[in-house]
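Novice: So here's query_28.tsv, just TSV, C-alpha atoms:
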```
chain	number	residue	atom	x	y	z
A	1	MET	CA	-19.44	-125.54	-126.31
A	2	ALA	CA	-22.72	-124.17	-127.69
A	3	GLU	CA	-23.06	-124.55	-131.46
A	4	ILE	CA	-25.50	-124.34	-134.33
A	5	GLN	CA	-25.77	-127.44	-136.49
A	6	VAL	CA	-27.22	-126.94	-139.97
A	7	TYR	CA	-28.78	-129.77	-141.99
A	8	ALA	CA	-29.81	-129.72	-145.67
A	9	PRO	CA	-31.51	-132.23	-147.97
A	10	PHE	CA	-29.31	-134.18	-150.39
A	11	PRO	CA	-30.25	-136.68	-153.12
A	12	ARG	CA	-29.19	-140.28	-152.61
A	13	THR	CA	-28.64	-140.65	-156.36
A	14	LEU	CA	-28.07	-137.99	-159.01
A	15	GLY	CA	-30.05	-137.56	-162.19
A	16	LEU	CA	-28.15	-138.33	-165.38
A	17	ASP	CA	-29.48	-135.13	-166.95
A	18	ALA	CA	-28.61	-132.97	-163.92
A	19	GLN	CA	-32.28	-132.99	-162.92
A	20	HIS	CA	-32.47	-134.85	-159.61
A	21	SER	CA	-35.44	-137.06	-158.86
A	22	LEU	CA	-37.92	-135.45	-156.46
A	23	ASP	CA	-39.15	-138.79	-155.11
A	24	PRO	CA	-39.08	-138.35	-151.29
A	25	SER	CA	-37.25	-141.66	-150.92
A	26	ASN	CA	-34.35	-140.16	-152.90
A	27	TRP	CA	-33.70	-137.43	-150.33
A	28	ARG	CA	-32.20	-137.43	-146.87
A	29	TRP	CA	-31.03	-134.83	-144.38
A	30	VAL	CA	-27.26	-134.38	-144.19
A	31	HIS	CA	-25.35	-132.57	-141.44
A	32	CYS	CA	-23.57	-129.82	-143.39
A	33	LEU	CA	-22.24	-127.15	-141.00
A	34	THR	CA	-21.26	-126.86	-137.35
A	35	LEU	CA	-21.05	-123.23	-136.25
A	36	PRO	CA	-19.62	-122.51	-132.77
A	37	ILE	CA	-21.79	-119.74	-131.37
A	38	GLU	CA	-18.87	-118.04	-129.64
A	39	LYS	CA	-16.91	-117.89	-132.90
A	40	LEU	CA	-19.90	-116.47	-134.79
A	41	GLY	CA	-20.11	-113.73	-132.17
A	42	THR	CA	-16.41	-113.00	-132.59
A	43	LEU	CA	-16.48	-112.88	-136.38
A	44	GLN	CA	-19.57	-110.62	-136.56
A	45	PHE	CA	-19.87	-110.98	-140.31
A	46	SER	CA	-23.41	-109.60	-140.20
A	47	SER	CA	-25.69	-107.82	-137.76
A	48	LYS	CA	-28.29	-110.42	-138.80
A	49	PRO	CA	-26.52	-113.75	-138.08
A	50	TYR	CA	-29.35	-115.98	-139.32
A	51	LYS	CA	-29.29	-114.21	-142.67
A	52	TRP	CA	-25.57	-114.91	-142.89
A	53	ILE	CA	-26.10	-118.58	-141.99
A	54	ARG	CA	-28.75	-118.78	-144.71
A	55	TYR	CA	-26.27	-117.40	-147.25
A	56	GLY	CA	-23.48	-119.68	-146.02
A	57	ILE	CA	-25.45	-122.90	-146.30
A	58	GLY	CA	-26.98	-121.74	-149.59
A	59	VAL	CA	-23.64	-121.26	-151.36
A	60	VAL	CA	-22.33	-124.52	-149.88
A	61	VAL	CA	-25.19	-126.70	-151.14
A	62	GLY	CA	-25.83	-124.68	-154.30
A	63	ALA	CA	-29.52	-124.07	-153.72
A	64	GLN	CA	-31.60	-121.23	-152.33
A	65	GLY	CA	-33.86	-122.02	-149.39
A	66	ASP	CA	-34.91	-121.06	-145.88
A	67	LEU	CA	-33.90	-121.98	-142.35
A	68	SER	CA	-36.28	-123.56	-139.88
A	69	TYR	CA	-36.16	-125.23	-136.48
A	70	SER	CA	-38.38	-128.05	-137.77
A	71	ARG	CA	-37.33	-130.81	-140.12
A	72	ASP	CA	-40.34	-132.46	-141.72
A	73	SER	CA	-43.17	-129.95	-141.51
A	74	PRO	CA	-44.71	-129.23	-144.96
A	75	LEU	CA	-44.88	-125.53	-143.99
A	76	PRO	CA	-41.93	-125.07	-141.63
A	77	THR	CA	-41.80	-122.08	-139.31
A	78	LEU	CA	-38.87	-119.95	-140.42
A	79	VAL	CA	-36.27	-118.48	-138.11
A	80	ASP	CA	-36.41	-114.78	-137.29
A	81	TYR	CA	-33.97	-113.43	-139.85
A	82	ASP	CA	-34.12	-109.91	-138.43
A	83	THR	CA	-32.92	-110.76	-134.94
A	84	GLY	CA	-29.35	-109.89	-134.10
A	85	ILE	CA	-29.22	-112.18	-131.06
A	86	LEU	CA	-27.52	-115.58	-131.19
A	87	PRO	CA	-28.85	-118.42	-129.01
A	88	ALA	CA	-27.22	-119.13	-125.65
A	89	GLU	CA	-27.48	-122.91	-126.10
A	90	SER	CA	-26.94	-125.34	-128.96
A	91	ILE	CA	-29.65	-125.57	-131.62
A	92	VAL	CA	-30.28	-127.47	-134.86
A	93	LEU	CA	-31.46	-125.73	-138.03
A	94	TYR	CA	-32.86	-127.28	-141.20
A	95	TYR	CA	-32.42	-125.70	-144.63
A	96	HIS	CA	-35.59	-126.26	-146.65
A	97	THR	CA	-35.51	-126.00	-150.44
A	98	ASN	CA	-38.39	-126.18	-152.93
A	99	ASP	CA	-38.66	-128.63	-155.81
A	100	GLU	CA	-37.11	-126.30	-158.37
A	101	GLU	CA	-34.07	-125.70	-156.19
A	102	ARG	CA	-33.70	-129.41	-155.46
A	103	ARG	CA	-33.67	-130.22	-159.15
A	104	ARG	CA	-30.86	-127.76	-159.87
A	105	MET	CA	-28.75	-128.01	-156.70
A	106	PHE	CA	-25.01	-128.35	-157.23
A	107	PRO	CA	-22.92	-128.26	-154.04
A	108	THR	CA	-19.46	-126.82	-153.58
A	109	ASP	CA	-16.60	-129.27	-153.78
A	110	PRO	CA	-15.08	-129.58	-150.26
A	111	LYS	CA	-11.70	-129.87	-151.98
A	112	ILE	CA	-12.11	-126.56	-153.77
A	113	GLY	CA	-9.33	-125.00	-151.72
A	114	HIS	CA	-7.00	-128.02	-151.69
A	115	THR	CA	-4.36	-126.67	-154.00
A	116	SER	CA	-0.95	-125.08	-153.64
A	117	VAL	CA	-0.75	-121.31	-154.17
A	118	THR	CA	1.50	-120.46	-157.08
A	119	SER	CA	2.77	-117.09	-158.14
A	120	SER	CA	1.22	-115.89	-161.37
A	121	VAL	CA	4.64	-114.78	-162.61
A	122	ALA	CA	6.32	-118.14	-162.10
A	123	THR	CA	5.48	-119.79	-165.44
A	124	SER	CA	5.18	-118.51	-168.99
A	125	ARG	CA	1.79	-120.15	-169.59
A	126	ARG	CA	0.25	-117.87	-166.94
A	127	SER	CA	1.87	-114.67	-168.12
A	128	GLN	CA	-1.10	-113.69	-170.28
A	129	PHE	CA	-3.51	-114.32	-167.40
A	130	ARG	CA	-1.49	-112.04	-165.13
A	131	THR	CA	-1.22	-109.35	-167.80
A	132	GLU	CA	-4.97	-109.30	-168.43
A	133	VAL	CA	-5.97	-109.33	-164.75
A	134	GLU	CA	-3.39	-106.68	-163.82
A	135	LYS	CA	-4.56	-104.44	-166.65
A	136	ARG	CA	-8.23	-104.78	-165.77
A	137	ASP	CA	-7.59	-104.02	-162.09
A	138	GLY	CA	-5.32	-101.04	-162.69
A	139	GLY	CA	-2.04	-102.59	-161.61
A	140	ARG	CA	-2.91	-102.48	-157.88
A	141	CYS	CA	-4.33	-104.92	-155.37
A	142	THR	CA	-8.11	-104.67	-155.53
A	143	LEU	CA	-8.31	-105.03	-151.73
A	144	SER	CA	-5.33	-103.13	-150.28
A	145	GLY	CA	-4.17	-100.91	-153.13
A	146	ILE	CA	-0.63	-102.31	-152.92
A	147	ASP	CA	1.42	-101.78	-156.08
A	148	HIS	CA	1.80	-104.53	-158.69
A	149	GLU	CA	5.22	-105.66	-157.47
A	150	GLY	CA	3.65	-107.08	-154.32
A	151	CYS	CA	0.71	-108.69	-156.10
A	152	ASP	CA	-0.38	-111.85	-157.87
A	153	ALA	CA	-3.11	-112.49	-160.38
A	154	ALA	CA	-5.08	-114.90	-158.20
A	155	HIS	CA	-7.42	-117.54	-159.60
A	156	LEU	CA	-10.80	-117.65	-157.84
A	157	LEU	CA	-11.28	-121.29	-158.80
A	158	PRO	CA	-7.77	-122.76	-158.64
A	159	HIS	CA	-5.79	-123.12	-161.84
A	160	SER	CA	-5.20	-126.80	-161.04
A	161	LYS	CA	-8.94	-127.54	-161.39
A	162	GLY	CA	-8.83	-127.03	-165.15
A	163	ASN	CA	-11.22	-125.86	-167.85
A	164	SER	CA	-13.75	-128.69	-167.57
A	165	TYR	CA	-14.15	-128.07	-163.85
A	166	ILE	CA	-14.85	-124.33	-164.06
A	167	PHE	CA	-17.17	-124.78	-167.04
A	168	THR	CA	-19.20	-127.46	-165.24
A	169	TYR	CA	-19.34	-125.48	-162.01
A	170	THR	CA	-20.43	-122.19	-163.56
A	171	GLN	CA	-22.85	-123.88	-165.96
A	172	ARG	CA	-24.58	-125.78	-163.13
A	173	ARG	CA	-24.65	-122.76	-160.82
A	174	SER	CA	-25.76	-120.22	-163.43
A	175	ARG	CA	-29.12	-118.50	-162.96
A	176	ASP	CA	-28.70	-116.21	-165.94
A	177	PRO	CA	-30.98	-117.14	-168.88
A	178	SER	CA	-28.31	-115.86	-171.27
A	179	ALA	CA	-25.59	-117.86	-169.47
A	180	SER	CA	-23.36	-114.78	-169.40
A	181	ASP	CA	-21.89	-115.94	-166.08
A	182	VAL	CA	-20.63	-119.25	-167.48
A	183	VAL	CA	-16.82	-119.38	-167.70
A	184	ALA	CA	-15.17	-121.99	-169.92
A	185	ASP	CA	-11.47	-121.18	-169.40
A	186	ILE	CA	-9.75	-121.57	-166.04
A	187	ASP	CA	-7.32	-118.83	-167.12
A	188	SER	CA	-10.10	-116.44	-168.13
A	189	VAL	CA	-9.67	-112.93	-166.76
A	190	ARG	CA	-13.16	-113.44	-165.28
A	191	ASN	CA	-11.67	-116.08	-162.96
A	192	GLY	CA	-9.04	-113.71	-161.63
A	193	LEU	CA	-8.43	-110.93	-159.12
A	194	PHE	CA	-5.30	-108.84	-158.69
A	195	LEU	CA	-4.47	-109.37	-155.02
A	196	ASN	CA	-1.51	-108.78	-152.75
A	197	LYS	CA	0.49	-111.93	-152.09
A	198	LEU	CA	-0.69	-112.42	-148.50
A	199	THR	CA	-4.38	-112.20	-149.39
A	200	HIS	CA	-3.72	-114.59	-152.25
A	201	CYS	CA	-2.18	-117.07	-149.80
A	202	GLY	CA	-5.29	-117.01	-147.61
A	203	LEU	CA	-7.88	-117.05	-150.40
A	204	ARG	CA	-10.64	-119.71	-150.13
A	205	ARG	CA	-9.53	-120.77	-146.66
A	206	HIS	CA	-8.87	-117.81	-144.41
A	207	ILE	CA	-10.32	-114.93	-146.41
A	208	ALA	CA	-13.22	-114.57	-148.83
A	209	PHE	CA	-15.33	-111.79	-150.32
A	210	LEU	CA	-19.03	-111.48	-149.56
A	211	ARG	CA	-20.91	-110.04	-152.52
A	212	THR	CA	-24.03	-108.13	-151.51
A	213	PRO	CA	-26.85	-107.84	-152.10
A	214	ASN	CA	-27.52	-111.55	-152.60
A	215	PHE	CA	-30.48	-113.88	-152.10
A	216	ALA	CA	-30.06	-113.80	-148.30
A	217	LEU	CA	-28.32	-110.54	-147.38
A	218	ASP	CA	-28.56	-106.86	-148.23
A	219	THR	CA	-25.46	-104.70	-147.96
A	220	SER	CA	-27.02	-102.95	-144.94
A	221	ASP	CA	-26.98	-106.33	-143.14
A	222	VAL	CA	-23.17	-106.18	-143.36
A	223	ASP	CA	-22.71	-102.43	-142.96
A	224	PRO	CA	-25.69	-100.79	-141.19
A	225	VAL	CA	-24.92	-97.36	-142.65
A	226	ALA	CA	-24.76	-98.60	-146.26
A	227	PRO	CA	-27.71	-98.47	-148.68
A	228	PRO	CA	-29.31	-101.94	-148.84
A	229	ALA	CA	-28.93	-102.21	-152.63
A	230	GLU	CA	-25.34	-100.92	-152.86
A	231	LEU	CA	-23.09	-103.39	-154.67
A	232	ARG	CA	-20.20	-104.33	-152.43
A	233	TYR	CA	-17.60	-107.08	-152.02
A	234	THR	CA	-16.77	-107.15	-148.31
A	235	ALA	CA	-13.58	-108.92	-147.22
A	236	HIS	CA	-14.28	-111.43	-144.46
A	237	LEU	CA	-11.39	-112.80	-142.44
A	238	PHE	CA	-12.29	-116.19	-140.98
A	239	THR	CA	-9.18	-116.26	-138.76
A	240	PRO	CA	-9.00	-112.99	-136.78
A	241	ALA	CA	-5.64	-114.06	-135.32
A	242	THR	CA	-4.05	-113.72	-138.78
A	243	PRO	CA	-4.85	-110.14	-139.86
A	244	HIS	CA	-1.99	-110.12	-142.38
A	245	TYR	CA	-4.26	-111.96	-144.84
A	246	MET	CA	-6.11	-108.66	-145.27
A	247	GLY	CA	-2.93	-107.27	-146.81
A	248	TRP	CA	-3.13	-103.83	-145.22
A	249	PRO	CA	-4.67	-102.35	-142.06
A	250	GLY	CA	-8.07	-100.86	-142.75
A	251	SER	CA	-8.78	-102.86	-145.91
A	252	THR	CA	-12.47	-103.77	-145.90
A	253	SER	CA	-13.81	-104.33	-149.41
A	254	LEU	CA	-12.74	-104.83	-153.00
A	255	ARG	CA	-12.32	-101.97	-155.41
A	256	VAL	CA	-14.46	-103.04	-158.37
A	257	SER	CA	-12.85	-102.61	-161.77
A	258	ASN	CA	-14.62	-100.31	-164.21
A	259	GLU	CA	-13.25	-102.00	-167.31
A	260	GLY	CA	-15.58	-104.98	-167.60
A	261	GLU	CA	-14.76	-108.68	-167.49
A	262	TRP	CA	-15.27	-108.65	-163.71
A	263	PRO	CA	-15.77	-112.14	-162.20
A	264	PRO	CA	-19.39	-113.33	-161.99
A	265	ALA	CA	-21.13	-113.60	-158.63
A	266	ILE	CA	-21.11	-117.40	-158.67
A	267	LEU	CA	-17.30	-117.46	-158.53
A	268	PHE	CA	-17.26	-115.15	-155.50
A	269	ASP	CA	-19.83	-117.50	-153.97
A	270	ALA	CA	-17.51	-120.44	-154.67
A	271	VAL	CA	-14.62	-118.76	-152.86
A	272	TYR	CA	-16.85	-117.90	-149.91
A	273	ALA	CA	-18.26	-121.43	-149.77
A	274	GLY	CA	-14.71	-122.79	-149.70
A	275	ALA	CA	-13.89	-120.74	-146.60
A	276	VAL	CA	-17.18	-121.72	-144.91
A	277	LEU	CA	-16.48	-125.39	-145.57
A	278	HIS	CA	-12.88	-125.12	-144.39
A	279	HIS	CA	-13.89	-123.71	-141.02
A	280	PHE	CA	-17.39	-125.07	-140.42
A	281	GLY	CA	-17.92	-128.01	-142.78
A	282	ALA	CA	-19.17	-131.23	-141.15
A	283	GLN	CA	-17.47	-134.55	-141.83
A	284	GLU	CA	-20.79	-136.07	-142.91
A	285	LEU	CA	-21.08	-133.50	-145.69
A	286	ASN	CA	-17.54	-134.17	-146.90
A	287	GLU	CA	-18.25	-137.89	-147.07
A	288	GLU	CA	-21.61	-137.36	-148.79
A	289	ILE	CA	-20.18	-135.16	-151.51
A	290	SER	CA	-17.07	-137.27	-152.04
A	291	THR	CA	-19.20	-140.41	-152.41
A	292	THR	CA	-22.02	-139.07	-154.57
A	293	TRP	CA	-20.84	-135.96	-156.41
A	294	ASN	CA	-17.24	-136.55	-157.51
A	295	ASP	CA	-18.22	-137.57	-161.04
A	296	ALA	CA	-20.37	-134.45	-161.34
A	297	PHE	CA	-17.43	-132.20	-160.45
A	298	TYR	CA	-15.15	-134.00	-162.89
A	299	PRO	CA	-17.38	-135.13	-165.82
A	300	ALA	CA	-14.30	-135.99	-167.88
A	301	GLY	CA	-12.85	-137.95	-164.97
A	302	VAL	CA	-10.19	-137.01	-162.46
A	303	PRO	CA	-6.87	-136.73	-164.32
A	304	THR	CA	-4.54	-139.65	-163.67
A	305	PRO	CA	-0.87	-139.07	-162.75
A	306	ASP	CA	0.12	-140.06	-166.30
A	307	GLU	CA	-2.34	-137.56	-167.79
A	308	LYS	CA	-1.02	-134.83	-165.50
A	309	ALA	CA	2.53	-135.71	-166.53
A	310	ALA	CA	1.52	-135.57	-170.19
A	311	THR	CA	-0.02	-132.15	-169.64
A	312	SER	CA	3.19	-130.95	-167.97
A	313	GLN	CA	5.20	-132.33	-170.88
A	314	ARG	CA	3.03	-130.46	-173.38
A	315	ALA	CA	3.55	-127.28	-171.38
A	316	ARG	CA	7.32	-127.82	-171.45
A	317	ASP	CA	7.17	-128.45	-175.20
A	318	ARG	CA	5.26	-125.20	-175.74
A	319	ALA	CA	7.79	-123.32	-173.62
A	320	GLU	CA	10.64	-124.73	-175.70
A	321	GLU	CA	8.90	-123.76	-178.94
A	322	HIS	CA	8.39	-120.23	-177.62
A	323	ALA	CA	12.05	-120.00	-176.66
A	324	ALA	CA	13.09	-121.18	-180.12
A	325	ARG	CA	10.92	-118.57	-181.81
A	326	SER	CA	12.35	-115.80	-179.67
A	327	GLY	CA	15.93	-116.89	-180.26
A	328	ALA	CA	16.42	-117.68	-176.61
A	329	ARG	CA	17.50	-121.28	-176.99
A	330	ARG	CA	21.06	-122.24	-176.30
A	331	ALA	CA	23.08	-125.46	-176.27
A	332	PRO	CA	22.59	-127.48	-173.09
A	333	ASP	CA	25.37	-127.22	-170.56
A	334	THR	CA	26.24	-129.73	-167.83
A	335	PHE	CA	23.62	-128.31	-165.46
A	336	ASP	CA	20.91	-128.65	-168.14
A	337	THR	CA	21.89	-132.26	-168.71
A	338	LEU	CA	21.69	-133.06	-165.00
A	339	MET	CA	18.31	-131.37	-164.71
A	340	ALA	CA	17.01	-133.45	-167.61
A	341	MET	CA	18.07	-136.79	-166.12
A	342	PRO	CA	14.89	-137.30	-164.03
A	343	TYR	CA	12.73	-137.01	-167.15
A	344	ILE	CA	14.84	-139.68	-168.87
A	345	LEU	CA	15.27	-142.22	-166.08
A	346	VAL	CA	12.03	-142.26	-164.10
A	347	PRO	CA	8.34	-142.75	-164.96
A	348	PRO	CA	6.34	-139.61	-165.81
A	349	SER	CA	4.10	-140.00	-162.75
A	350	GLU	CA	7.11	-139.93	-160.42
A	351	VAL	CA	8.56	-136.93	-162.24
A	352	GLU	CA	5.30	-135.04	-161.79
A	353	ALA	CA	5.18	-135.90	-158.07
A	354	ALA	CA	8.75	-134.74	-157.56
A	355	MET	CA	8.14	-131.52	-159.46
A	356	ARG	CA	4.98	-130.83	-157.48
A	357	GLU	CA	6.80	-131.37	-154.17
A	358	ALA	CA	9.62	-129.07	-155.24
A	359	ARG	CA	7.19	-126.37	-156.32
A	360	GLU	CA	5.28	-126.56	-153.04
A	361	ASN	CA	8.48	-126.39	-150.97
A	362	ALA	CA	9.71	-123.38	-152.91
A	363	GLU	CA	6.34	-121.69	-152.65
A	364	ALA	CA	6.17	-122.26	-148.89
A	365	ILE	CA	9.58	-120.65	-148.44
A	366	GLU	CA	8.61	-117.70	-150.64
A	367	GLN	CA	5.26	-117.23	-148.87
A	368	LYS	CA	6.99	-117.23	-145.47
A	369	ARG	CA	9.55	-114.69	-146.67
A	370	VAL	CA	6.89	-112.39	-148.10
A	371	GLN	CA	4.73	-112.73	-144.99
A	372	GLU	CA	7.63	-111.82	-142.67
A	373	LYS	CA	8.58	-108.86	-144.86
A	374	VAL	CA	5.05	-107.45	-145.07
A	375	THR	CA	4.33	-108.07	-141.36
A	376	SER	CA	7.51	-106.19	-140.42
A	377	TRP	CA	6.54	-103.41	-142.81
A	378	MET	CA	3.05	-103.14	-141.32
A	379	GLU	CA	4.45	-103.06	-137.75
A	380	ASN	CA	6.85	-100.26	-138.66
A	381	ILE	CA	4.01	-98.22	-140.15
A	382	THR	CA	1.79	-98.87	-137.14
A	383	HIS	CA	4.48	-97.59	-134.76
A	384	THR	CA	5.28	-94.44	-136.74
```
Written as structure tokens, how would this file's structure read?
Specialist:
Amino acid sequence: MAEIQVYAPFPRTLGLDAQHSLDPSNWRWVHCLTLPIEKLGTLQFSSKPYKWIRYGIGVVVGAQGDLSYSRDSPLPTLVDYDTGILPAESIVLYYHTNDEERRRMFPTDPKIGHTSVTSSVATSRRSQFRTEVEKRDGGRCTLSGIDHEGCDAAHLLPHSKGNSYIFTYTQRRSRDPSASDVVADIDSVRNGLFLNKLTHCGLRRHIAFLRTPNFALDTSDVDPVAPPAELRYTAHLFTPATPHYMGWPGSTSLRVSNEGEWPPAILFDAVYAGAVLHHFGAQELNEEISTTWNDAFYPAGVPTPDEKAATSQRARDRAEEHAARSGARRAPDTFDTLMAMPYILVPPSEVEAAMREARENAEAIEQKRVQEKVTSWMENITHT
């Protein structure tokens, strides 16, 4: 099968001050993406496919550069970005970055989408996040227009990543001298979108939103009749066989809120990079990032099971305090006592694992039910 392989330069060791050494011996070419040419032709994300590839590899590696057929030339010949024709046979492309971009590069975590989808109404600690996102977006899905009852307040970077993760990511990716696009709170309204439940389920893996214009693409490269400089967030479905992730037939782009606190571009780039990695990421890239960059993604360290259990316990304590203040507490009955037994008899790490498994099973059942309901609804509308 004909394919396009994309390579990019990566540092062998990272600078302690986030300024990577430019010594040539510190850099090597890493196979980052494998793009089946037939699938690119099917997806048709842009009338200028090489521009789209440039954007895709750019948001994956976290550096702006250019594509070339040559690897080591000091002045590489760039690809023809304006052609709309894909090659008939397999080719290899190299993504060249200058010294400034190499110093600041910060790739996307391949595990960015490895998290369970949870409803924003399921726990009290997320109620404020949902309220703020729903209010900003007018109580309707920003993609499909579906009413609030069929929607979630979706995190762009997953809630499970935590505050340190989103702060580090946005700080390292920021190109704003005033740092206005840096987000310090994982539950910030600027890390949220009000989306229908099916689109939420597919976010970061099967569906993402391409913000244009960007460093590689104008809006007219995505929609030929649109003005090049028009701000747009186009919904791209990476799995055409699952159209339900679009939420509603005919949905094509996000309705941008007019009330401020809209997510910064770098978070939309993160979501898009997650989908690109999920479908086209090379194993060599996954190994490279996991080996070299994990400490950079988690500067405070990856939380241990005991730390996660302690966090869950603090959340339960806060929920109990809230219930006491609102007069909602009651004496425990037999069912309450039975439910509390696991917390008394087993280690916290095992409790957390059991709770996580239960949540994921419940969420899978709920997602399947919602998907079947909406799919049936869409089919009925299509046939009327």
Novice: Can you pull out the residues contacting A:Gly162? Cut-off 9 Å, using all atoms listed in the file, and skip same-chain residues under 3 positions away; I want them as a PyMOL selection string.
Specialist: chain A and resi 157-159+165-167+185-187
Novice: Can you pull out the residues contacting A:Lys51? Cut-off 8 Å, using all atoms listed in the file, and skip same-chain residues under 6 positions away; I want them as a PDB file with C-alpha atoms, keeping the file's coordinate frame.
Specialist:
```pdb
ATOM      1  CA  TYR A  81     -33.970-113.430-139.850  1.00  0.00           C
ATOM      2  CA  ASP A  82     -34.120-109.910-138.430  1.00  0.00           C
ATOM      3  CA  ALA A 216     -30.060-113.800-148.300  1.00  0.00           C
ATOM      4  CA  LEU A 217     -28.320-110.540-147.380  1.00  0.00           C
TER       5      LEU A 217
END
```
Novice: Just give me the gap between atom CA of A:Asp72 and atom CA of A:Ala8 in Å, one decimal is fine.
Specialist: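 Between atom CA of A:Asp72 and atom CA of A:Ala8 the gap works out to 11.6 Å.
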Novice: Could you check which of A:Leu78, A:Ile207, A:Leu35, A:Leu14 is closest to A:Met105, using all atoms listed in the file?
Specialist: A:Leu14
Novice: A:Arg172: which residues within 10 Å, counting only C-alpha atoms, same-chain residues fewer than 4 positions away excluded, as a PDB file with C-alpha atoms, in the frame of the given file?
Specialist:
```pdb
ATOM      1  CA  ALA A  18     -28.610-132.970-163.920  1.00  0.00           C
ATOM      2  CA  GLY A  62     -25.830-124.680-154.300  1.00  0.00           C
ATOM      3  CA  ARG A 104     -30.860-127.760-159.870  1.00  0.00           C
ATOM      4  CA  MET A 105     -28.750-128.010-156.700  1.00  0.00           C
ATOM      5  CA  PHE A 106     -25.010-128.350-157.230  1.00  0.00           C
ATOM      6  CA  PRO A 107     -22.920-128.260-154.040  1.00  0.00           C
ATOM      7  CA  ILE A 166     -14.850-124.330-164.060  1.00  0.00           C
ATOM      8  CA  PHE A 167     -17.170-124.780-167.040  1.00  0.00           C
ATOM      9  CA  THR A 168     -19.200-127.460-165.240  1.00  0.00           C
ATOM     10  CA  VAL A 182     -20.630-119.250-167.480  1.00  0.00           C
ATOM     11  CA  ALA A 296     -20.370-134.450-161.340  1.00  0.00           C
ATOM     12  CA  PHE A 297     -17.430-132.200-160.450  1.00  0.00           C
TER      13      PHE A 297
END
```
Novice: I'd like the contact shell of A:Tyr7 - 7 Å cut-off, all atoms listed in the file, skipping same-chain residues fewer than 5 positions apart - returned as a PDB file with C-alpha atoms, keeping the file's coordinate frame.
Specialist:
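Result file out.pdb:
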```
ATOM      1  CA  TRP A  29     -31.030-134.830-144.380  1.00  0.00           C
ATOM      2  CA  VAL A  30     -27.260-134.380-144.190  1.00  0.00           C
ATOM      3  CA  HIS A  31     -25.350-132.570-141.440  1.00  0.00           C
ATOM      4  CA  CYS A  32     -23.570-129.820-143.390  1.00  0.00           C
ATOM      5  CA  LEU A  93     -31.460-125.730-138.030  1.00  0.00           C
ATOM      6  CA  TYR A  94     -32.860-127.280-141.200  1.00  0.00           C
ATOM      7  CA  TYR A  95     -32.420-125.700-144.630  1.00  0.00           C
TER       8      TYR A  95
END
```
Novice: What does the structure give for the distance between atom CA of A:Pro110 and atom CA of A:Pro76, in Å to one decimal?
Specialist: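 That distance, rounded to one decimal, is 28.6 Å.
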Novice: Can you tell me how far atom CA of A:Asp109 sits from atom CA of A:Leu193, in Å to one decimal?
Specialist: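 Straight-line distance from atom CA of A:Asp109 to atom CA of A:Leu193 works out to 20.8 Å.
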Novice: For each of A:Phe280, A:Ser188, A:Ala153, A:Gly138, take the minimum atom-to-atom distance to A:Glu3, counting only C-alpha atoms, then give the residue where this is smallest.
Specialist: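 Of A:Phe280, A:Ser188, A:Ala153, A:Gly138, the one nearest A:Glu3 is A:Phe280, counting only C-alpha atoms.
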Novice: In terms of the shortest atom-to-atom distance over all atoms listed in the file, which of A:Ile53, A:Val133, A:Ile37, A:Leu86 is closest to A:Phe215?
Specialist: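 That would be A:Ile53, the residue with the smallest distance to A:Phe215.
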Novice: Hey, what's within 10 Å of A:Asn98 if we count all atoms listed in the file and toss same-chain stuff fewer than 6 positions away? As a list in words, please?
Specialist: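 The residues satisfying every condition are Leu22, Ala63, Gln64, Gly65 and Asp66 of chain A.
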Novice: Could you write stretch 127-135 of chain A as a short mmCIF file (atom, residue, chain, number, x, y, z; two decimals), keeping the file's coordinate frame, with N, CA and C atoms rebuilt where they are missing?
Specialist:
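Once written, out-v6.cif looks like this:
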```
data_model
loop_
_atom_site.label_atom_id
_atom_site.label_comp_id
_atom_site.auth_asym_id
_atom_site.auth_seq_id
_atom_site.Cartn_x
_atom_site.Cartn_y
_atom_site.Cartn_z
N SER A 127 1.49 -116.07 -167.96
CA SER A 127 1.87 -114.67 -168.12
C SER A 127 0.73 -113.85 -168.72
N GLN A 128 0.00 -114.42 -169.67
CA GLN A 128 -1.10 -113.69 -170.28
C GLN A 128 -2.23 -113.46 -169.27
N PHE A 129 -2.50 -114.46 -168.44
CA PHE A 129 -3.51 -114.32 -167.40
C PHE A 129 -3.16 -113.17 -166.47
N ARG A 130 -1.91 -113.12 -166.02
CA ARG A 130 -1.49 -112.04 -165.13
C ARG A 130 -1.62 -110.69 -165.83
N THR A 131 -1.17 -110.62 -167.07
CA THR A 131 -1.22 -109.35 -167.80
C THR A 131 -2.65 -108.83 -167.90
N GLU A 132 -3.59 -109.73 -168.24
CA GLU A 132 -4.97 -109.30 -168.43
C GLU A 132 -5.62 -108.89 -167.11
N VAL A 133 -5.37 -109.66 -166.05
CA VAL A 133 -5.97 -109.33 -164.75
C VAL A 133 -5.37 -108.04 -164.20
N GLU A 134 -4.06 -107.90 -164.31
CA GLU A 134 -3.39 -106.68 -163.82
C GLU A 134 -3.91 -105.45 -164.57
N LYS A 135 -4.07 -105.57 -165.87
CA LYS A 135 -4.56 -104.44 -166.65
C LYS A 135 -5.98 -104.07 -166.25
#
```
